[in-house]
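Structure file entry-v1.pdb (PDB, C-alpha atoms) follows.
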```pdb
MODEL        1
ATOM      1  CA  MET A   5     251.194 221.478 103.252
ATOM      2  CA  SER A   6     249.063 223.894 105.256
ATOM      3  CA  LYS A   7     245.487 224.499 104.178
ATOM      4  CA  ILE A   8     245.032 227.445 101.794
ATOM      5  CA  ASN A   9     242.964 230.223 103.359
ATOM      6  CA  LEU A  10     241.780 233.688 102.349
ATOM      7  CA  GLU A  11     244.721 235.378 104.050
ATOM      8  CA  MET A  12     247.150 233.484 101.799
ATOM      9  CA  ILE A  13     245.236 234.449  98.642
ATOM     10  CA  ALA A  14     245.121 238.084  99.799
ATOM     11  CA  ARG A  15     248.868 238.083 100.409
ATOM     12  CA  GLU A  16     249.566 236.616  96.955
ATOM     13  CA  LEU A  17     247.466 239.305  95.251
ATOM     14  CA  ASN A  18     248.354 242.196  97.576
ATOM     15  CA  LEU A  19     244.683 242.662  98.441
ATOM     16  CA  SER A  20     242.827 242.869 101.752
ATOM     17  CA  VAL A  21     241.237 239.721 103.161
ATOM     18  CA  ALA A  22     237.848 241.466 103.069
ATOM     19  CA  THR A  23     238.225 242.155  99.320
ATOM     20  CA  VAL A  24     239.133 238.528  98.617
ATOM     21  CA  SER A  25     236.172 237.283 100.659
ATOM     22  CA  LYS A  26     233.752 239.594  98.849
ATOM     23  CA  ALA A  27     235.166 238.620  95.451
ATOM     24  CA  LEU A  28     234.681 234.921  96.177
ATOM     25  CA  ASN A  29     231.123 235.661  97.304
ATOM     26  CA  ASP A  30     230.428 237.615  94.096
ATOM     27  CA  SER A  31     229.792 240.904  95.936
ATOM     28  CA  HIS A  32     228.580 243.864  93.865
ATOM     29  CA  GLU A  33     231.197 245.990  95.660
ATOM     30  CA  ILE A  34     234.051 244.262  93.796
ATOM     31  CA  SER A  35     234.917 244.877  90.134
ATOM     32  CA  SER A  36     234.752 242.069  87.565
ATOM     33  CA  LYS A  37     238.491 242.410  86.968
ATOM     34  CA  THR A  38     239.331 241.912  90.650
ATOM     35  CA  LYS A  39     236.869 239.016  90.947
ATOM     36  CA  LYS A  40     238.601 237.260  88.036
ATOM     37  CA  ARG A  41     242.046 237.766  89.619
ATOM     38  CA  VAL A  42     240.835 236.336  92.912
ATOM     39  CA  LEU A  43     239.014 233.376  91.350
ATOM     40  CA  ASP A  44     242.011 232.532  89.159
ATOM     41  CA  LYS A  45     244.388 232.643  92.115
ATOM     42  CA  ALA A  46     241.996 230.581  94.290
ATOM     43  CA  LYS A  47     241.862 227.942  91.555
ATOM     44  CA  GLU A  48     245.644 228.002  91.129
ATOM     45  CA  LEU A  49     246.190 227.487  94.878
ATOM     46  CA  ASN A  50     243.403 224.879  95.092
ATOM     47  CA  TYR A  51     241.497 226.916  97.691
ATOM     48  CA  GLN A  52     238.605 225.004  99.295
ATOM     49  CA  ALA A  53     235.904 226.929 101.162
ATOM     50  CA  ASN A  54     234.530 225.524 104.411
ATOM     51  CA  PRO A  55     231.115 224.198 103.280
ATOM     52  CA  LEU A  56     229.856 223.477 106.796
ATOM     53  CA  ALA A  57     230.578 226.970 108.051
ATOM     54  CA  SER A  58     229.059 228.468 104.884
ATOM     55  CA  ALA A  59     225.919 226.356 105.189
ATOM     56  CA  LEU A  60     225.482 227.289 108.827
ATOM     57  CA  ARG A  61     225.917 230.975 108.058
ATOM     58  CA  ASN A  62     223.447 230.873 105.177
ATOM     59  CA  LYS A  63     220.772 229.755 107.620
ATOM     60  CA  LYS A  64     219.933 232.656 109.930
ATOM     61  CA  THR A  65     219.814 232.076 113.675
ATOM     62  CA  HIS A  66     218.354 235.549 114.398
ATOM     63  CA  THR A  67     220.968 235.793 117.138
ATOM     64  CA  ILE A  68     223.838 238.263 117.499
ATOM     65  CA  ALA A  69     226.717 238.271 119.971
ATOM     66  CA  VAL A  70     228.217 241.165 121.931
ATOM     67  CA  VAL A  71     231.810 240.564 123.061
ATOM     68  CA  PHE A  72     233.029 243.216 125.483
ATOM     69  CA  PRO A  73     235.696 243.759 128.194
ATOM     70  CA  GLU A  74     233.884 244.209 131.518
ATOM     71  CA  ILE A  75     230.476 243.247 132.829
ATOM     72  CA  ASP A  76     230.652 245.661 135.800
ATOM     73  CA  ASN A  77     231.379 248.721 133.648
ATOM     74  CA  ASN A  78     228.545 251.257 133.358
ATOM     75  CA  PHE A  79     229.485 252.175 129.796
ATOM     76  CA  PHE A  80     229.116 248.609 128.538
ATOM     77  CA  ALA A  81     225.925 248.042 130.533
ATOM     78  CA  LEU A  82     224.327 251.029 128.791
ATOM     79  CA  ALA A  83     225.764 250.071 125.388
ATOM     80  CA  ILE A  84     224.218 246.593 125.680
ATOM     81  CA  LYS A  85     220.853 248.177 126.514
ATOM     82  CA  GLY A  86     221.201 250.138 123.292
ATOM     83  CA  VAL A  87     221.927 246.926 121.377
ATOM     84  CA  GLU A  88     218.878 245.258 122.946
ATOM     85  CA  HIS A  89     216.697 248.213 121.976
ATOM     86  CA  ILE A  90     217.472 247.648 118.287
ATOM     87  CA  ALA A  91     217.922 243.864 118.221
ATOM     88  CA  PHE A  92     214.712 242.865 120.003
ATOM     89  CA  ALA A  93     212.659 245.222 117.838
ATOM     90  CA  LYS A  94     213.989 243.346 114.794
ATOM     91  CA  GLY A  95     213.332 239.904 116.279
ATOM     92  CA  TYR A  96     216.936 239.129 117.213
ATOM     93  CA  HIS A  97     218.224 237.476 120.373
ATOM     94  CA  LEU A  98     221.399 238.534 122.160
ATOM     95  CA  LEU A  99     224.320 236.478 123.447
ATOM     96  CA  ILE A 100     226.537 238.360 125.922
ATOM     97  CA  TYR A 101     230.224 237.444 126.300
ATOM     98  CA  PRO A 102     232.435 239.432 128.731
ATOM     99  CA  THR A 103     236.152 238.836 128.147
ATOM    100  CA  ASN A 104     237.243 240.123 131.572
ATOM    101  CA  GLU A 105     239.974 242.111 129.801
ATOM    102  CA  ASN A 106     241.665 238.865 128.736
ATOM    103  CA  TYR A 107     242.955 238.402 125.174
ATOM    104  CA  GLN A 108     242.989 234.592 125.285
ATOM    105  CA  ARG A 109     239.376 234.561 126.507
ATOM    106  CA  GLU A 110     238.398 237.011 123.766
ATOM    107  CA  LYS A 111     240.092 234.822 121.154
ATOM    108  CA  ALA A 112     238.423 231.653 122.496
ATOM    109  CA  ILE A 113     234.976 233.303 122.412
ATOM    110  CA  LEU A 114     235.384 234.405 118.801
ATOM    111  CA  ASN A 115     236.619 230.952 117.808
ATOM    112  CA  LEU A 116     233.498 229.492 119.436
ATOM    113  CA  LEU A 117     231.251 231.874 117.497
ATOM    114  CA  GLN A 118     232.612 230.819 114.104
ATOM    115  CA  ASN A 119     230.457 227.687 114.051
ATOM    116  CA  GLY A 120     227.290 229.413 112.841
ATOM    117  CA  ARG A 121     225.533 229.950 116.168
ATOM    118  CA  VAL A 122     225.227 233.723 115.502
ATOM    119  CA  ASP A 123     224.478 235.853 112.454
ATOM    120  CA  GLY A 124     226.891 238.611 113.441
ATOM    121  CA  ILE A 125     229.173 239.910 116.179
ATOM    122  CA  MET A 126     229.766 243.230 117.916
ATOM    123  CA  ILE A 127     233.096 243.506 119.708
ATOM    124  CA  SER A 128     234.932 245.953 121.945
ATOM    125  CA  LEU A 129     238.559 244.939 122.458
ATOM    126  CA  SER A 130     240.155 243.901 125.743
ATOM    127  CA  THR A 131     243.076 245.887 127.154
ATOM    128  CA  GLU A 132     245.352 242.935 126.327
ATOM    129  CA  THR A 133     244.402 242.716 122.649
ATOM    130  CA  LYS A 134     247.238 243.638 120.299
ATOM    131  CA  ASP A 135     246.999 240.899 117.644
ATOM    132  CA  ILE A 136     243.710 241.115 115.701
ATOM    133  CA  LYS A 137     244.052 238.062 113.461
ATOM    134  CA  HIS A 138     241.196 236.313 115.276
ATOM    135  CA  ILE A 139     238.875 239.170 114.235
ATOM    136  CA  GLU A 140     240.190 239.291 110.685
ATOM    137  CA  HIS A 141     239.583 235.538 110.412
ATOM    138  CA  LEU A 142     235.889 236.009 111.232
ATOM    139  CA  ILE A 143     235.599 238.647 108.519
ATOM    140  CA  GLU A 144     237.406 236.533 105.917
ATOM    141  CA  GLU A 145     234.959 233.719 106.682
ATOM    142  CA  GLY A 146     232.103 236.104 105.833
ATOM    143  CA  LEU A 147     230.703 236.702 109.331
ATOM    144  CA  PRO A 148     229.428 240.308 109.778
ATOM    145  CA  VAL A 149     231.436 242.190 112.430
ATOM    146  CA  VAL A 150     231.092 245.676 113.936
ATOM    147  CA  LEU A 151     233.612 247.132 116.376
ATOM    148  CA  PHE A 152     232.562 249.642 119.030
ATOM    149  CA  ASP A 153     234.278 251.883 121.595
ATOM    150  CA  ARG A 154     237.629 250.070 121.823
ATOM    151  CA  VAL A 155     238.551 249.492 118.210
ATOM    152  CA  ASN A 156     241.530 248.771 115.980
ATOM    153  CA  TYR A 157     241.457 250.948 112.882
ATOM    154  CA  THR A 158     243.251 248.378 110.707
ATOM    155  CA  VAL A 159     240.281 245.987 110.905
ATOM    156  CA  GLN A 160     238.161 246.154 107.745
ATOM    157  CA  ALA A 161     234.814 246.506 109.517
ATOM    158  CA  PRO A 162     232.516 249.390 110.550
ATOM    159  CA  LYS A 163     233.414 251.073 113.839
ATOM    160  CA  VAL A 164     231.180 253.059 116.196
ATOM    161  CA  ILE A 165     233.130 255.293 118.548
ATOM    162  CA  THR A 166     233.148 258.610 120.338
ATOM    163  CA  ASP A 167     235.657 261.422 119.803
ATOM    164  CA  ASP A 168     238.211 260.442 122.441
ATOM    165  CA  PHE A 169     240.695 263.139 121.440
ATOM    166  CA  GLU A 170     238.109 265.907 121.744
ATOM    167  CA  SER A 171     236.693 264.697 125.069
ATOM    168  CA  ALA A 172     240.141 264.496 126.713
ATOM    169  CA  TYR A 173     241.050 267.872 125.242
ATOM    170  CA  LEU A 174     237.916 269.477 126.709
ATOM    171  CA  ALA A 175     238.430 267.816 130.106
ATOM    172  CA  THR A 176     242.021 269.076 130.291
ATOM    173  CA  LYS A 177     241.018 272.535 129.136
ATOM    174  CA  HIS A 178     238.321 272.639 131.835
ATOM    175  CA  LEU A 179     240.903 271.846 134.527
ATOM    176  CA  ILE A 180     243.209 274.545 133.151
ATOM    177  CA  ASN A 181     240.335 277.029 133.197
ATOM    178  CA  VAL A 182     239.744 276.390 136.922
ATOM    179  CA  GLY A 183     243.398 277.161 137.662
ATOM    180  CA  CYS A 184     245.238 273.824 137.327
ATOM    181  CA  LYS A 185     248.595 273.521 135.582
ATOM    182  CA  LYS A 186     249.942 270.283 137.035
ATOM    183  CA  ILE A 187     247.446 267.762 135.698
ATOM    184  CA  ALA A 188     248.022 264.016 136.011
ATOM    185  CA  PHE A 189     246.729 261.694 133.299
ATOM    186  CA  LEU A 190     245.999 258.138 134.465
ATOM    187  CA  SER A 191     246.663 255.961 131.437
ATOM    188  CA  SER A 192     245.174 252.548 130.680
ATOM    189  CA  SER A 193     246.674 250.089 128.159
ATOM    190  CA  ALA A 194     249.215 252.016 126.098
ATOM    191  CA  HIS A 195     248.407 250.161 122.841
ATOM    192  CA  LEU A 196     244.633 250.796 122.900
ATOM    193  CA  TYR A 197     243.534 253.422 120.385
ATOM    194  CA  ILE A 198     241.151 255.050 122.868
ATOM    195  CA  ASN A 199     244.045 255.554 125.287
ATOM    196  CA  LYS A 200     246.286 256.995 122.560
ATOM    197  CA  LYS A 201     243.564 259.407 121.416
ATOM    198  CA  ARG A 202     242.760 260.533 124.948
ATOM    199  CA  LEU A 203     246.420 261.015 125.783
ATOM    200  CA  ASP A 204     246.897 263.032 122.585
ATOM    201  CA  GLY A 205     243.922 265.233 123.497
ATOM    202  CA  TYR A 206     245.375 265.823 126.975
ATOM    203  CA  LYS A 207     248.792 266.750 125.554
ATOM    204  CA  LYS A 208     247.315 269.052 122.912
ATOM    205  CA  ALA A 209     245.285 270.978 125.502
ATOM    206  CA  LEU A 210     248.427 271.505 127.585
ATOM    207  CA  TYR A 211     250.393 272.571 124.507
ATOM    208  CA  ASP A 212     247.687 275.026 123.384
ATOM    209  CA  ASN A 213     247.797 276.619 126.833
ATOM    210  CA  HIS A 214     251.616 276.810 126.958
ATOM    211  CA  ILE A 215     251.962 274.170 129.679
ATOM    212  CA  ASN A 216     254.796 271.654 129.439
ATOM    213  CA  VAL A 217     253.946 267.949 129.394
ATOM    214  CA  GLU A 218     255.599 266.288 132.408
ATOM    215  CA  LYS A 219     256.306 262.599 131.818
ATOM    216  CA  SER A 220     255.955 261.877 135.538
ATOM    217  CA  LEU A 221     252.344 263.129 135.393
ATOM    218  CA  ILE A 222     251.419 260.506 132.776
ATOM    219  CA  VAL A 223     250.802 257.526 135.039
ATOM    220  CA  GLN A 224     250.567 254.025 133.548
ATOM    221  CA  CYS A 225     247.974 251.919 135.386
ATOM    222  CA  THR A 226     246.948 248.241 135.211
ATOM    223  CA  ASN A 227     243.776 246.123 135.326
ATOM    224  CA  ASN A 228     244.166 245.487 139.064
ATOM    225  CA  ASP A 229     242.510 247.896 141.524
ATOM    226  CA  ILE A 230     244.967 247.238 144.368
ATOM    227  CA  GLU A 231     247.958 247.742 142.082
ATOM    228  CA  ASN A 232     246.387 250.934 140.768
ATOM    229  CA  GLN A 233     245.923 252.327 144.267
ATOM    230  CA  ASN A 234     249.619 251.794 144.935
ATOM    231  CA  ILE A 235     250.581 253.318 141.579
ATOM    232  CA  ILE A 236     248.349 256.355 142.099
ATOM    233  CA  SER A 237     249.508 256.814 145.692
ATOM    234  CA  LYS A 238     253.157 256.815 144.599
ATOM    235  CA  ALA A 239     252.435 259.331 141.841
ATOM    236  CA  LEU A 240     250.582 261.687 144.192
ATOM    237  CA  LEU A 241     253.358 261.587 146.778
ATOM    238  CA  GLU A 242     256.363 261.878 144.448
ATOM    239  CA  ASN A 243     255.112 264.704 142.227
ATOM    240  CA  PRO A 244     251.793 265.980 143.615
ATOM    241  CA  PRO A 245     249.459 267.193 140.846
ATOM    242  CA  GLU A 246     246.702 269.750 141.197
ATOM    243  CA  ALA A 247     244.239 267.606 139.273
ATOM    244  CA  ILE A 248     243.713 264.102 137.893
ATOM    245  CA  ILE A 249     242.117 262.840 134.692
ATOM    246  CA  ALA A 250     241.091 259.171 134.997
ATOM    247  CA  SER A 251     241.165 257.960 131.383
ATOM    248  CA  ILE A 252     238.798 255.005 131.964
ATOM    249  CA  GLU A 253     235.914 254.397 134.369
ATOM    250  CA  LYS A 254     237.773 251.605 136.185
ATOM    251  CA  LEU A 255     240.361 254.107 137.522
ATOM    252  CA  ILE A 256     237.904 256.399 139.330
ATOM    253  CA  VAL A 257     237.383 254.230 142.431
ATOM    254  CA  PRO A 258     241.151 253.680 143.027
ATOM    255  CA  CYS A 259     241.544 257.472 142.739
ATOM    256  CA  LEU A 260     238.871 258.139 145.323
ATOM    257  CA  ARG A 261     240.265 255.506 147.703
ATOM    258  CA  THR A 262     243.818 256.811 147.356
ATOM    259  CA  CYS A 263     242.775 260.401 147.996
ATOM    260  CA  LYS A 264     240.906 259.245 151.097
ATOM    261  CA  ASP A 265     243.931 257.247 152.350
ATOM    262  CA  LEU A 266     246.226 260.242 151.816
ATOM    263  CA  HIS A 267     243.709 262.618 153.466
ATOM    264  CA  LEU A 268     243.446 264.703 150.294
ATOM    265  CA  ASN A 269     240.297 266.787 150.088
ATOM    266  CA  ILE A 270     238.545 266.860 146.698
ATOM    267  CA  PRO A 271     238.407 269.510 145.224
ATOM    268  CA  HIS A 272     240.393 271.718 147.648
ATOM    269  CA  ASP A 273     243.625 269.682 147.651
ATOM    270  CA  ILE A 274     243.177 267.996 144.287
ATOM    271  CA  LYS A 275     240.567 268.007 141.536
ATOM    272  CA  LEU A 276     239.267 264.907 139.756
ATOM    273  CA  ILE A 277     237.490 264.219 136.476
ATOM    274  CA  GLY A 278     237.039 260.846 134.813
ATOM    275  CA  TYR A 279     235.257 258.951 132.078
ATOM    276  CA  SER A 280     232.066 257.705 133.680
ATOM    277  CA  ASN A 281     228.508 256.736 132.768
ATOM    278  CA  SER A 282     227.437 256.021 136.336
ATOM    279  CA  HIS A 283     224.121 257.436 137.543
ATOM    280  CA  ILE A 284     225.535 257.922 141.057
ATOM    281  CA  ASP A 285     228.220 260.458 140.035
ATOM    282  CA  GLU A 286     225.992 263.397 140.937
ATOM    283  CA  PHE A 287     225.210 261.914 144.371
ATOM    284  CA  LEU A 288     228.815 261.355 145.491
ATOM    285  CA  LYS A 289     230.322 263.688 148.067
ATOM    286  CA  PRO A 290     231.705 265.654 146.354
ATOM    287  CA  SER A 291     229.770 264.991 143.149
ATOM    288  CA  LEU A 292     232.023 263.807 140.323
ATOM    289  CA  SER A 293     232.806 265.819 137.216
ATOM    290  CA  ALA A 294     232.744 263.376 134.326
ATOM    291  CA  ILE A 295     233.219 262.845 130.626
ATOM    292  CA  VAL A 296     229.967 261.088 129.723
ATOM    293  CA  GLN A 297     230.043 258.941 126.581
ATOM    294  CA  PRO A 298     226.882 258.287 124.542
ATOM    295  CA  ALA A 299     226.960 254.601 125.488
ATOM    296  CA  PHE A 300     223.308 253.796 124.778
ATOM    297  CA  GLU A 301     223.471 255.541 121.390
ATOM    298  CA  ILE A 302     226.732 253.753 120.517
ATOM    299  CA  GLY A 303     225.050 250.412 121.239
ATOM    300  CA  LYS A 304     222.019 251.332 119.126
ATOM    301  CA  GLU A 305     224.111 252.528 116.183
ATOM    302  CA  ALA A 306     226.444 249.518 116.258
ATOM    303  CA  ALA A 307     223.487 247.105 116.383
ATOM    304  CA  SER A 308     221.714 248.911 113.543
ATOM    305  CA  ILE A 309     224.821 248.678 111.341
ATOM    306  CA  LEU A 310     225.328 245.005 112.210
ATOM    307  CA  LEU A 311     221.758 244.115 111.232
ATOM    308  CA  GLN A 312     222.198 245.980 107.938
ATOM    309  CA  LEU A 313     225.352 243.946 107.280
ATOM    310  CA  ILE A 314     223.517 240.714 108.080
ATOM    311  CA  ASP A 315     220.696 241.634 105.673
ATOM    312  CA  LYS A 316     223.255 242.817 103.067
ATOM    313  CA  LYS A 317     221.658 246.266 103.082
ATOM    314  CA  TYR A 318     224.651 248.229 104.326
ATOM    315  CA  LYS A 319     225.448 250.827 101.642
ATOM    316  CA  LYS A 320     228.405 252.700 103.182
ATOM    317  CA  SER A 321     232.115 251.898 103.231
ATOM    318  CA  ILE A 322     232.962 248.755 105.169
ATOM    319  CA  SER A 323     235.664 250.778 106.979
ATOM    320  CA  GLU A 324     233.308 253.582 108.011
ATOM    321  CA  ASN A 325     233.894 255.250 111.378
ATOM    322  CA  VAL A 326     230.706 256.515 113.042
ATOM    323  CA  ILE A 327     231.732 259.125 115.631
ATOM    324  CA  LEU A 328     229.246 260.211 118.304
ATOM    325  CA  PRO A 329     230.070 263.147 120.618
ATOM    326  CA  SER A 330     230.673 262.831 124.357
ATOM    327  CA  LYS A 331     229.852 265.605 126.832
ATOM    328  CA  ILE A 332     231.487 267.075 129.922
ATOM    329  CA  CYS A 333     229.388 267.201 133.105
ATOM    330  CA  VAL A 334     231.016 269.673 135.494
ATOM    331  CA  ARG A 335     230.306 269.028 139.152
ATOM    332  CA  GLU A 336     231.878 269.634 142.581
ATOM    333  CA  SER A 337     235.041 267.545 142.130
ATOM    334  CA  THR A 338     236.524 270.184 139.820
ATOM    335  CA  SER A 339     235.014 273.296 141.364
ATOM    336  CA  ILE A 340     237.219 276.291 142.179
ATOM    337  CA  SER A 341     238.517 276.032 145.750
TER
ENDMDL
END
```

What is this file in structure tokens?
Amino acid sequence: MSKINLEMIARELNLSVATVSKALNDSHEISSKTKKRVLDKAKELNYQANPLASALRNKKTHTIAVVFPEIDNNFFALAIKGVEHIAFAKGYHLLIYPTNENYQREKAILNLLQNGRVDGIMISLSTETKDIKHIEHLIEEGLPVVLFDRVNYTVQAPKVITDDFESAYLATKHLINVGCKKIAFLSSSAHLYINKKRLDGYKKALYDNHINVEKSLIVQCTNNDIENQNIISKALLENPPEAIIASIEKLIVPCLRTCKDLHLNIPHDIKLIGYSNSHIDEFLKPSLSAIVQPAFEIGKEAASILLQLIDKKYKKSISENVILPSKICVRESTSIS
């Protein structure tokens, strides 16, 4: 017979794993009635907690982990600086784990971190991550978790994000205002919530301005730069757009290279705007219009919430979404020809 875990108890009682975990840990957030139901069911199923993991967690390491997709991404570099700003001031050390956009690596890292070496974890999901059971397992074991930027809204943990719908809407509207109607949207992983929100914002801006959404202008890209150059090149040749929105920072360089290879002048032949937190955007020729996310502030806020969870001082809903605004920096790459 397989070992009884919190997920099984939750399923039997039609409760969330987080509720079961809190009930077993006598949390003030859970009613006495629910606690009794959970305790009775745990006894009935002969549930045995993991004493080693509990003992390790009860002894603070004053260390937190940040698990994130890409080490060479300006957004994550700034977000980690924000985490450091808060963590070091509170006497915490940081462990940094890039997943390289790989789900299996992400899963292996989180499994490694279950052994009590950290007091809490911040995580931004890889483009491959669809199944979130490895994150839910951490939460059911009582380890504090905060998601940031790339999140899954079904996870019962605080999330610190920016308004991806609004930023994509404003970027599309800006391109429409400078005379563009055929606007390509370079999509990242279709299942990521940030991609869905940004795509929805793009579509809504077109709809509000009475412009039809062309399926051929929504271009699905990959994690490989060479593949993306070929994909973008094909899209620009088969149905040439007047402008491009690069939905993630990683797609900007393939865009620039492809435009150079096809001898397309930015902004005269085609306009370009992308999500970017790079300090060199204003020094490019032409300078790059960009959607700039509050990366440093997101890191600070996520770290602050995580430390409150660790100290059991977090007073808000465990499923709270903290939304920080992004801004549009208009530069030469979207100027009127």

**Q.** the PyMOL selection byres ((chain A and resi 153) around 9) resolved against shown file, as JSON, numbers by chain
**A.** {"A": [127, 128, 129, 151, 152, 154, 155, 163, 164, 165, 166, 198, 299, 302]}

Please list as a CSV table (one decimal) with C-alpha atoms, keeping the file's coordinate frame every residue within 10 Å of region 99-109 of chain A, counting all atoms listed in the file and excluding residues in the same chain fewer than 2 positions away.
```csv
chain,number,residue,atom,x,y,z
A,67,THR,CA,221.0,235.8,117.1
A,68,ILE,CA,223.8,238.3,117.5
A,69,ALA,CA,226.7,238.3,120.0
A,70,VAL,CA,228.2,241.2,121.9
A,71,VAL,CA,231.8,240.6,123.1
A,72,PHE,CA,233.0,243.2,125.5
A,73,PRO,CA,235.7,243.8,128.2
A,74,GLU,CA,233.9,244.2,131.5
A,75,ILE,CA,230.5,243.2,132.8
A,76,ASP,CA,230.7,245.7,135.8
A,80,PHE,CA,229.1,248.6,128.5
A,84,ILE,CA,224.2,246.6,125.7
A,97,HIS,CA,218.2,237.5,120.4
A,111,LYS,CA,240.1,234.8,121.2
A,112,ALA,CA,238.4,231.7,122.5
A,113,ILE,CA,235.0,233.3,122.4
A,114,LEU,CA,235.4,234.4,118.8
A,115,ASN,CA,236.6,231.0,117.8
A,121,ARG,CA,225.5,230.0,116.2
A,122,VAL,CA,225.2,233.7,115.5
A,125,ILE,CA,229.2,239.9,116.2
A,126,MET,CA,229.8,243.2,117.9
A,127,ILE,CA,233.1,243.5,119.7
A,128,SER,CA,234.9,246.0,121.9
A,129,LEU,CA,238.6,244.9,122.5
A,130,SER,CA,240.2,243.9,125.7
A,131,THR,CA,243.1,245.9,127.2
A,132,GLU,CA,245.4,242.9,126.3
A,133,THR,CA,244.4,242.7,122.6
A,134,LYS,CA,247.2,243.6,120.3
A,135,ASP,CA,247.0,240.9,117.6
A,136,ILE,CA,243.7,241.1,115.7
A,227,ASN,CA,243.8,246.1,135.3
```

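Among the candidate residues A:Ser192, A:Asn181, A:Thr226, A:Thr262, the one lying nearest to Leu241 (chain A) is A:Thr262, with distances computed using all atoms listed in the file.
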
**OP:** Using only C-alpha atoms, find the one residue out of A:Ala188, A:Ile215, A:Ala83, A:Leu276 that sits nearest to Ala239 (chain A).
**Re:**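 The closest residue to Ala239 (chain A) is A:Ala188.
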
Please list as an MDAnalysis selection string every residue within 12 Å of region 286-290 of chain A, counting all atoms listed in the file and excluding residues in the same chain fewer than 6 positions away.
chainID A and resid 257 260 264 269:272 274:277 280 333:339

In Å and to one decimal, CA of Lys186 (chain A) is distant from CA of Pro258 (chain A) by 19.7 Å

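Using all atoms listed in the file for every distance, the candidate list A:Ser323, A:Thr176, A:Ser282, A:Ser308 yields A:Ser282 as the residue closest to Leu82 (chain A).
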